[in-house]
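Report on the following structure.
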Amino acid sequence: MKTILITGATSGIGRAAALQCAAGGHRLVLVGRNPRKLADTATAVRAAGARGVDTLECDFASQAAIRQLAKNVLAQYDRLDVLANNAGGYHKQRTETEDGIEMTFGVNHLGGFLLTELLVDLMVRNAPSRILFTSSVLHFGATLDFDDLGFESGYSGEKAYSRSKLANILYARALARRLEGAGVTVNAFHPGAVESGIWDSLPWYGQPLIALAKRLFMIPVGEGGRALSYLATDPEVAGVTGVYFQKNRVKIPSRRAQDDALGLRLCEVSATMVEP
């Protein structure tokens with residue numbers, strides 16, 4: 001039995017993966033920002049067969065909330081087998097977190113970065129363990145401009161989302177190198193083009209295209225969830241680290257995503273952005 005923490009666990013692939021992991025008899029720690037949705041998801045996960053289910057509230061747009069989440073985890077659990085950084089969103093208009101950071105980058109990348117850095121020692125003590133990041137095929141073509149990480153000029157929801165997903169892969173690869181030999185695997189994955197609610201915030205002119213895409217080629221949420229639950233629990237990938245998965249297979253990510261120097265710089269800059 002594994003203890004598996006999933007952020008963004010109340011909807012989309014996070015909820016689907018939690019239900020799938022529950023069916024395998026694992027213990028789930030569900031993290032979300034909506035208490036009602038957390039309670040509903042916990043009920044469903046218990047019914048699916050989980051050995052235990054806990055819920056923790058956290059808004060990933062707040063670094064203070066993430067720090068409190070980490071404190072709660074460290075206080076309540078003596079081991080954590082899987083940390084699945086899945087919380088994220090798409091924002092058609094540029095907004096900022098309470099810490100003054102562009103929302104997409106702040107939640108999709110820095111949120112998982114901060115939580116992972118706060119829990120990484122626990123993961124090492126519990127080795128073998130696994131750290132996962134929900135990325136996207138949209139990282140292809142993304143840019144990473146350290147002079148304007150938050151798109152203060154030229155913002156678009158698509159560009160900001162793609163940048164955050166590139167950052168997920170760069171950080172996963174850098175962390176995997178840092179933890180080499182520690183028994184902790186770190187991987188990023190594309191769950192597929194999932195018909196989840198993340199697309200609901202696209203501009204009005206994009207909604208007809210999304211509706212068509214959902215009918216023609218987007219995959220069900222459950223199938224996307226299996227990409228996460230597979231990496232969280234399958235013994236086949238127990239020793240695989242520092243890679244990017246698509247359709248449960250190792251794939252070569254974009255050229256930028258393979259730039260180790262870029263990944264190291266991202267980690268250094270990210271660390272300064274989450275300083276207390």
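Residue numbers start at 1 in each chain; chains themselves are named A, B, ... in the order of the structure tokens; ligands are numbered from 1 in the order shown.
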Mind dumping a table of every range 56-135 of chain A residue within 8 Å of range 147-152 of chain A, with the nearest atom pair and its distance in Å to one decimal, using only C-alpha atoms, sorted by chain and rising number, as a tab-separated table?
```
residue	atom	partner	partner_atom	distance
A:Ile101	CA	A:Gly150	CA	6.8
A:Glu102	CA	A:Gly150	CA	4.9
A:Phe105	CA	A:Gly150	CA	6.9
```
Contact residues around Met123 in chain A with only C-alpha atoms at 9 Å, ignoring same-chain residues under 3 positions, as a short mmCIF file (atom, residue, chain, number, x, y, z; two decimals) with all heavy atoms, in the first residue's frame:
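Dumped everything to result_14.cif:
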```cif
data_model
loop_
_atom_site.label_atom_id
_atom_site.label_comp_id
_atom_site.auth_asym_id
_atom_site.auth_seq_id
_atom_site.Cartn_x
_atom_site.Cartn_y
_atom_site.Cartn_z
N ARG A 79 5.49 9.13 6.39
CA ARG A 79 5.99 8.69 5.09
C ARG A 79 5.05 9.17 3.99
O ARG A 79 3.85 9.38 4.21
CB ARG A 79 6.18 7.18 5.01
CG ARG A 79 4.92 6.35 4.97
CD ARG A 79 5.26 4.89 4.68
NE ARG A 79 5.86 4.71 3.37
CZ ARG A 79 7.15 4.41 3.16
NH1 ARG A 79 7.97 4.28 4.18
NH2 ARG A 79 7.61 4.25 1.93
N LEU A 80 5.63 9.38 2.83
CA LEU A 80 4.87 9.77 1.64
C LEU A 80 5.53 9.06 0.47
O LEU A 80 6.70 9.29 0.18
CB LEU A 80 4.90 11.28 1.46
CG LEU A 80 3.93 11.90 0.44
CD1 LEU A 80 2.49 11.61 0.83
CD2 LEU A 80 4.16 13.41 0.36
N ASP A 81 4.79 8.17 -0.17
CA ASP A 81 5.37 7.38 -1.25
C ASP A 81 5.30 8.08 -2.60
O ASP A 81 6.16 7.88 -3.44
CB ASP A 81 4.64 6.02 -1.34
CG ASP A 81 4.78 5.22 -0.07
OD1 ASP A 81 5.88 4.72 0.20
OD2 ASP A 81 3.78 5.13 0.68
N VAL A 82 4.25 8.86 -2.80
CA VAL A 82 4.06 9.55 -4.09
C VAL A 82 3.57 10.96 -3.84
O VAL A 82 2.61 11.17 -3.09
CB VAL A 82 3.04 8.81 -4.99
CG1 VAL A 82 2.88 9.53 -6.32
CG2 VAL A 82 3.45 7.36 -5.21
N LEU A 83 4.23 11.92 -4.47
CA LEU A 83 3.79 13.31 -4.48
C LEU A 83 3.45 13.65 -5.92
O LEU A 83 4.34 13.74 -6.77
CB LEU A 83 4.89 14.23 -3.96
CG LEU A 83 4.66 15.74 -4.13
CD1 LEU A 83 3.39 16.18 -3.41
CD2 LEU A 83 5.87 16.53 -3.63
N LEU A 119 8.86 19.29 0.81
CA LEU A 119 8.61 17.89 1.16
C LEU A 119 9.69 16.93 0.68
O LEU A 119 9.62 15.73 0.98
CB LEU A 119 7.25 17.44 0.60
CG LEU A 119 6.01 18.17 1.11
CD1 LEU A 119 4.75 17.60 0.47
CD2 LEU A 119 5.91 18.08 2.64
N VAL A 120 10.68 17.43 -0.03
CA VAL A 120 11.64 16.52 -0.67
C VAL A 120 12.43 15.71 0.36
O VAL A 120 12.74 14.53 0.11
CB VAL A 120 12.58 17.30 -1.62
CG1 VAL A 120 13.53 18.20 -0.86
CG2 VAL A 120 13.35 16.34 -2.52
N ASN A 126 11.80 8.42 2.88
CA ASN A 126 10.87 7.33 2.61
C ASN A 126 11.24 6.49 1.40
O ASN A 126 10.47 5.64 0.97
CB ASN A 126 9.46 7.88 2.37
CG ASN A 126 8.85 8.55 3.59
OD1 ASN A 126 7.85 9.22 3.48
ND2 ASN A 126 9.48 8.41 4.74
N ALA A 127 12.37 6.78 0.79
CA ALA A 127 12.73 6.11 -0.46
C ALA A 127 12.64 4.59 -0.32
O ALA A 127 12.94 4.05 0.75
CB ALA A 127 14.13 6.53 -0.86
N PRO A 128 12.16 3.92 -1.40
CA PRO A 128 11.86 4.48 -2.72
C PRO A 128 10.53 5.24 -2.76
O PRO A 128 9.55 4.81 -2.15
CB PRO A 128 11.78 3.24 -3.62
CG PRO A 128 11.36 2.14 -2.69
CD PRO A 128 12.01 2.47 -1.36
N SER A 129 10.54 6.36 -3.45
CA SER A 129 9.35 7.19 -3.57
C SER A 129 9.33 7.86 -4.94
O SER A 129 10.32 7.79 -5.68
CB SER A 129 9.29 8.23 -2.45
OG SER A 129 10.47 9.02 -2.44
N ARG A 130 8.22 8.49 -5.26
CA ARG A 130 8.04 9.05 -6.60
C ARG A 130 7.47 10.47 -6.53
O ARG A 130 6.56 10.73 -5.74
CB ARG A 130 7.10 8.17 -7.44
CG ARG A 130 7.47 6.69 -7.46
CD ARG A 130 6.50 5.88 -8.32
NE ARG A 130 6.74 4.45 -8.18
CZ ARG A 130 6.20 3.50 -8.94
NH1 ARG A 130 5.36 3.85 -9.91
NH2 ARG A 130 6.47 2.23 -8.74
N ILE A 131 7.99 11.35 -7.38
CA ILE A 131 7.48 12.70 -7.52
C ILE A 131 7.06 12.89 -8.97
O ILE A 131 7.83 12.57 -9.89
CB ILE A 131 8.54 13.76 -7.13
CG1 ILE A 131 8.98 13.56 -5.67
CG2 ILE A 131 8.00 15.17 -7.35
CD1 ILE A 131 10.13 14.46 -5.25
N GLY A 183 17.04 7.24 -4.43
CA GLY A 183 15.88 6.36 -4.44
C GLY A 183 14.56 7.06 -4.70
O GLY A 183 13.50 6.47 -4.53
N VAL A 184 14.63 8.33 -5.14
CA VAL A 184 13.42 9.09 -5.45
C VAL A 184 13.40 9.34 -6.96
O VAL A 184 14.32 9.93 -7.51
CB VAL A 184 13.40 10.44 -4.72
CG1 VAL A 184 12.10 11.20 -5.03
CG2 VAL A 184 13.56 10.24 -3.21
#
```
Quick one: DSSP helix (DSSP H, G or I) residues in range 46-256 of chain A, as a ChimeraX atom specification? /A:46-47,63-76,103-125,137-139,157-178,197-201,204-216,221-233,235-237,256
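Across A:Arg33, A:Arg178, A:Arg67, A:Arg15, the tightest approach to Gly225 in chain A is made by A:Arg15 when counting only C-alpha atoms.
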Can you work out the spacing between CA of Tyr171 in chain A and CA of Gly24 in chain A in Å, to one decimal?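 Rounded to one decimal, the two atoms are 29.1 Å apart.
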Could you check the closest approach to Ala61 in chain A for each of A:Leu122, A:Leu114, A:Ile169, A:Val243 and tell me which residue wins, using only C-alpha atoms?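 Between A:Leu122, A:Leu114, A:Ile169, A:Val243, the residue approaching Ala61 in chain A most closely is A:Leu114.
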Contacts of Ser11 in chain A at 12 Å (only C-alpha atoms; same-chain gap of 2+ positions) as a ChimeraX atom specification: /A:6-9,13-19,30-34,36-38,40-42,44,86-89,194-198,221-222,224-225
Write the residues you've just listed into a file as a CSV table (one decimal), in the first residue's frame, and include N, CA, C and O atoms for each of them.
```csv
chain,number,residue,atom,x,y,z
A,6,ILE,N,-2.1,13.8,-3.9
A,6,ILE,CA,-2.5,14.4,-5.2
A,6,ILE,C,-3.0,15.8,-5.0
A,6,ILE,O,-4.0,16.0,-4.3
A,7,THR,N,-2.4,16.8,-5.7
A,7,THR,CA,-2.9,18.1,-5.6
A,7,THR,C,-3.8,18.3,-6.8
A,7,THR,O,-3.7,17.6,-7.8
A,8,GLY,N,-4.8,19.2,-6.7
A,8,GLY,CA,-5.8,19.3,-7.8
A,8,GLY,C,-6.6,18.1,-7.9
A,8,GLY,O,-6.9,17.6,-9.0
A,9,ALA,N,-7.0,17.5,-6.7
A,9,ALA,CA,-7.6,16.2,-6.6
A,9,ALA,C,-9.1,16.2,-6.8
A,9,ALA,O,-9.7,15.1,-6.8
A,13,ILE,N,-8.3,15.1,-14.1
A,13,ILE,CA,-7.4,13.9,-14.0
A,13,ILE,C,-7.0,13.6,-12.6
A,13,ILE,O,-6.7,12.5,-12.2
A,14,GLY,N,-7.0,14.7,-11.7
A,14,GLY,CA,-6.6,14.4,-10.3
A,14,GLY,C,-7.6,13.6,-9.6
A,14,GLY,O,-7.3,12.6,-9.0
A,15,ARG,N,-8.9,13.9,-9.8
A,15,ARG,CA,-10.0,13.1,-9.2
A,15,ARG,C,-10.0,11.7,-9.8
A,15,ARG,O,-10.1,10.7,-9.1
A,16,ALA,N,-9.9,11.6,-11.1
A,16,ALA,CA,-9.9,10.3,-11.8
A,16,ALA,C,-8.7,9.4,-11.3
A,16,ALA,O,-8.9,8.2,-11.0
A,17,ALA,N,-7.5,10.0,-11.2
A,17,ALA,CA,-6.4,9.2,-10.8
A,17,ALA,C,-6.6,8.8,-9.3
A,17,ALA,O,-6.2,7.6,-8.9
A,18,ALA,N,-7.2,9.6,-8.5
A,18,ALA,CA,-7.4,9.3,-7.1
A,18,ALA,C,-8.3,8.1,-7.0
A,18,ALA,O,-8.1,7.1,-6.2
A,19,LEU,N,-9.4,8.1,-7.8
A,19,LEU,CA,-10.3,6.9,-7.8
A,19,LEU,C,-9.6,5.6,-8.3
A,19,LEU,O,-9.8,4.6,-7.7
A,30,LEU,N,-5.9,13.8,-0.4
A,30,LEU,CA,-6.4,14.7,-1.5
A,30,LEU,C,-6.3,16.2,-1.1
A,30,LEU,O,-6.7,16.6,0.0
A,31,VAL,N,-5.7,16.9,-2.1
A,31,VAL,CA,-5.5,18.3,-1.8
A,31,VAL,C,-6.3,19.2,-2.8
A,31,VAL,O,-6.3,18.9,-4.0
A,32,GLY,N,-7.1,20.1,-2.3
A,32,GLY,CA,-7.9,21.0,-3.1
A,32,GLY,C,-8.2,22.3,-2.4
A,32,GLY,O,-7.9,22.4,-1.2
A,33,ARG,N,-8.8,23.2,-3.1
A,33,ARG,CA,-9.1,24.5,-2.4
A,33,ARG,C,-10.6,24.6,-2.0
A,33,ARG,O,-10.9,25.6,-1.3
A,34,ASN,N,-11.4,23.7,-2.5
A,34,ASN,CA,-12.9,23.8,-2.2
A,34,ASN,C,-13.3,22.7,-1.2
A,34,ASN,O,-13.2,21.5,-1.6
A,36,ARG,N,-16.1,21.7,-0.1
A,36,ARG,CA,-17.2,20.8,-0.5
A,36,ARG,C,-16.8,19.8,-1.5
A,36,ARG,O,-17.1,18.6,-1.4
A,37,LYS,N,-16.0,20.2,-2.5
A,37,LYS,CA,-15.5,19.3,-3.5
A,37,LYS,C,-14.6,18.3,-2.9
A,37,LYS,O,-14.6,17.1,-3.3
A,38,LEU,N,-13.8,18.7,-1.9
A,38,LEU,CA,-12.9,17.8,-1.3
A,38,LEU,C,-13.7,16.7,-0.5
A,38,LEU,O,-13.4,15.5,-0.6
A,40,ASP,N,-16.8,15.7,-1.2
A,40,ASP,CA,-17.4,14.8,-2.2
A,40,ASP,C,-16.4,13.8,-2.8
A,40,ASP,O,-16.8,12.7,-3.0
A,41,THR,N,-15.2,14.3,-3.1
A,41,THR,CA,-14.2,13.5,-3.7
A,41,THR,C,-13.8,12.4,-2.7
A,41,THR,O,-13.6,11.2,-3.1
A,42,ALA,N,-13.6,12.8,-1.5
A,42,ALA,CA,-13.2,11.8,-0.4
A,42,ALA,C,-14.2,10.7,-0.3
A,42,ALA,O,-13.9,9.5,-0.2
A,44,ALA,N,-16.2,9.6,-2.6
A,44,ALA,CA,-16.1,8.7,-3.8
A,44,ALA,C,-14.9,7.8,-3.7
A,44,ALA,O,-14.9,6.7,-4.1
A,86,ASN,N,-0.3,18.1,-9.4
A,86,ASN,CA,-1.2,18.1,-10.5
A,86,ASN,C,-2.1,19.4,-10.6
A,86,ASN,O,-2.7,19.7,-11.6
A,87,ALA,N,-2.0,20.2,-9.5
A,87,ALA,CA,-2.8,21.4,-9.5
A,87,ALA,C,-2.4,22.4,-10.6
A,87,ALA,O,-1.2,22.5,-10.8
A,88,GLY,N,-3.4,23.0,-11.2
A,88,GLY,CA,-3.0,23.9,-12.3
A,88,GLY,C,-4.2,24.5,-12.9
A,88,GLY,O,-5.4,24.1,-12.6
A,89,GLY,N,-4.0,25.5,-13.8
A,89,GLY,CA,-5.1,26.1,-14.5
A,89,GLY,C,-4.7,26.9,-15.7
A,89,GLY,O,-3.5,27.0,-16.0
A,194,VAL,N,-7.3,16.0,-22.7
A,194,VAL,CA,-8.4,15.5,-21.9
A,194,VAL,C,-9.6,16.5,-21.9
A,194,VAL,O,-9.4,17.7,-21.8
A,195,GLU,N,-10.8,15.9,-22.0
A,195,GLU,CA,-12.0,16.8,-22.0
A,195,GLU,C,-12.3,17.2,-20.6
A,195,GLU,O,-13.4,16.9,-20.1
A,196,SER,N,-11.4,18.0,-20.0
A,196,SER,CA,-11.6,18.4,-18.6
A,196,SER,C,-12.1,19.9,-18.6
A,196,SER,O,-12.1,20.6,-19.6
A,197,GLY,N,-12.4,20.3,-17.4
A,197,GLY,CA,-12.9,21.7,-17.2
A,197,GLY,C,-11.9,22.8,-17.4
A,197,GLY,O,-12.2,24.0,-17.3
A,198,ILE,N,-10.6,22.4,-17.5
A,198,ILE,CA,-9.6,23.4,-17.6
A,198,ILE,C,-9.8,24.3,-18.9
A,198,ILE,O,-9.4,25.4,-18.9
A,221,VAL,N,-11.8,11.9,-19.2
A,221,VAL,CA,-11.0,12.2,-18.0
A,221,VAL,C,-10.4,11.0,-17.4
A,221,VAL,O,-9.2,11.0,-16.9
A,222,GLY,N,-11.1,9.9,-17.4
A,222,GLY,CA,-10.6,8.7,-16.8
A,222,GLY,C,-9.3,8.2,-17.5
A,222,GLY,O,-8.4,7.7,-16.8
A,224,GLY,N,-7.2,10.1,-19.1
A,224,GLY,CA,-6.1,11.0,-18.7
A,224,GLY,C,-5.6,10.7,-17.3
A,224,GLY,O,-4.4,10.8,-17.0
A,225,GLY,N,-6.5,10.3,-16.4
A,225,GLY,CA,-6.2,10.0,-15.0
A,225,GLY,C,-5.3,8.8,-14.9
A,225,GLY,O,-4.4,8.7,-14.1
```
Could you give me, as an MDAnalysis selection string, each residue of range 21-236 of chain A that DSSP assigns to strand (DSSP E) when run on this structure's backbone? chainID A and resid 27:32 52:57 82:85 129:134 184:190
Report as a list of chain:residue names all protein, DNA and RNA residues lying within 6 Å of Gln246 in chain A, evaluated on only C-alpha atoms, omitting residues in the same chain fewer than 3 positions from it. A:Phe189, A:His190, A:Arg249
List the spatial neighbours of Asp260 in chain A as a list in words - criterion: any atom at most 8 Å away, only C-alpha atoms, same-chain residues fewer than 3 positions off excluded. Leu170, Arg173, Ala174, Ala257, Gly263 and Leu264 of chain A
Can you work out the spacing between CA of Arg46 in chain A and CA of Phe245 in chain A in Å, to one decimal?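 According to the coordinates, CA of Arg46 in chain A and CA of Phe245 in chain A are separated by 28.7 Å.
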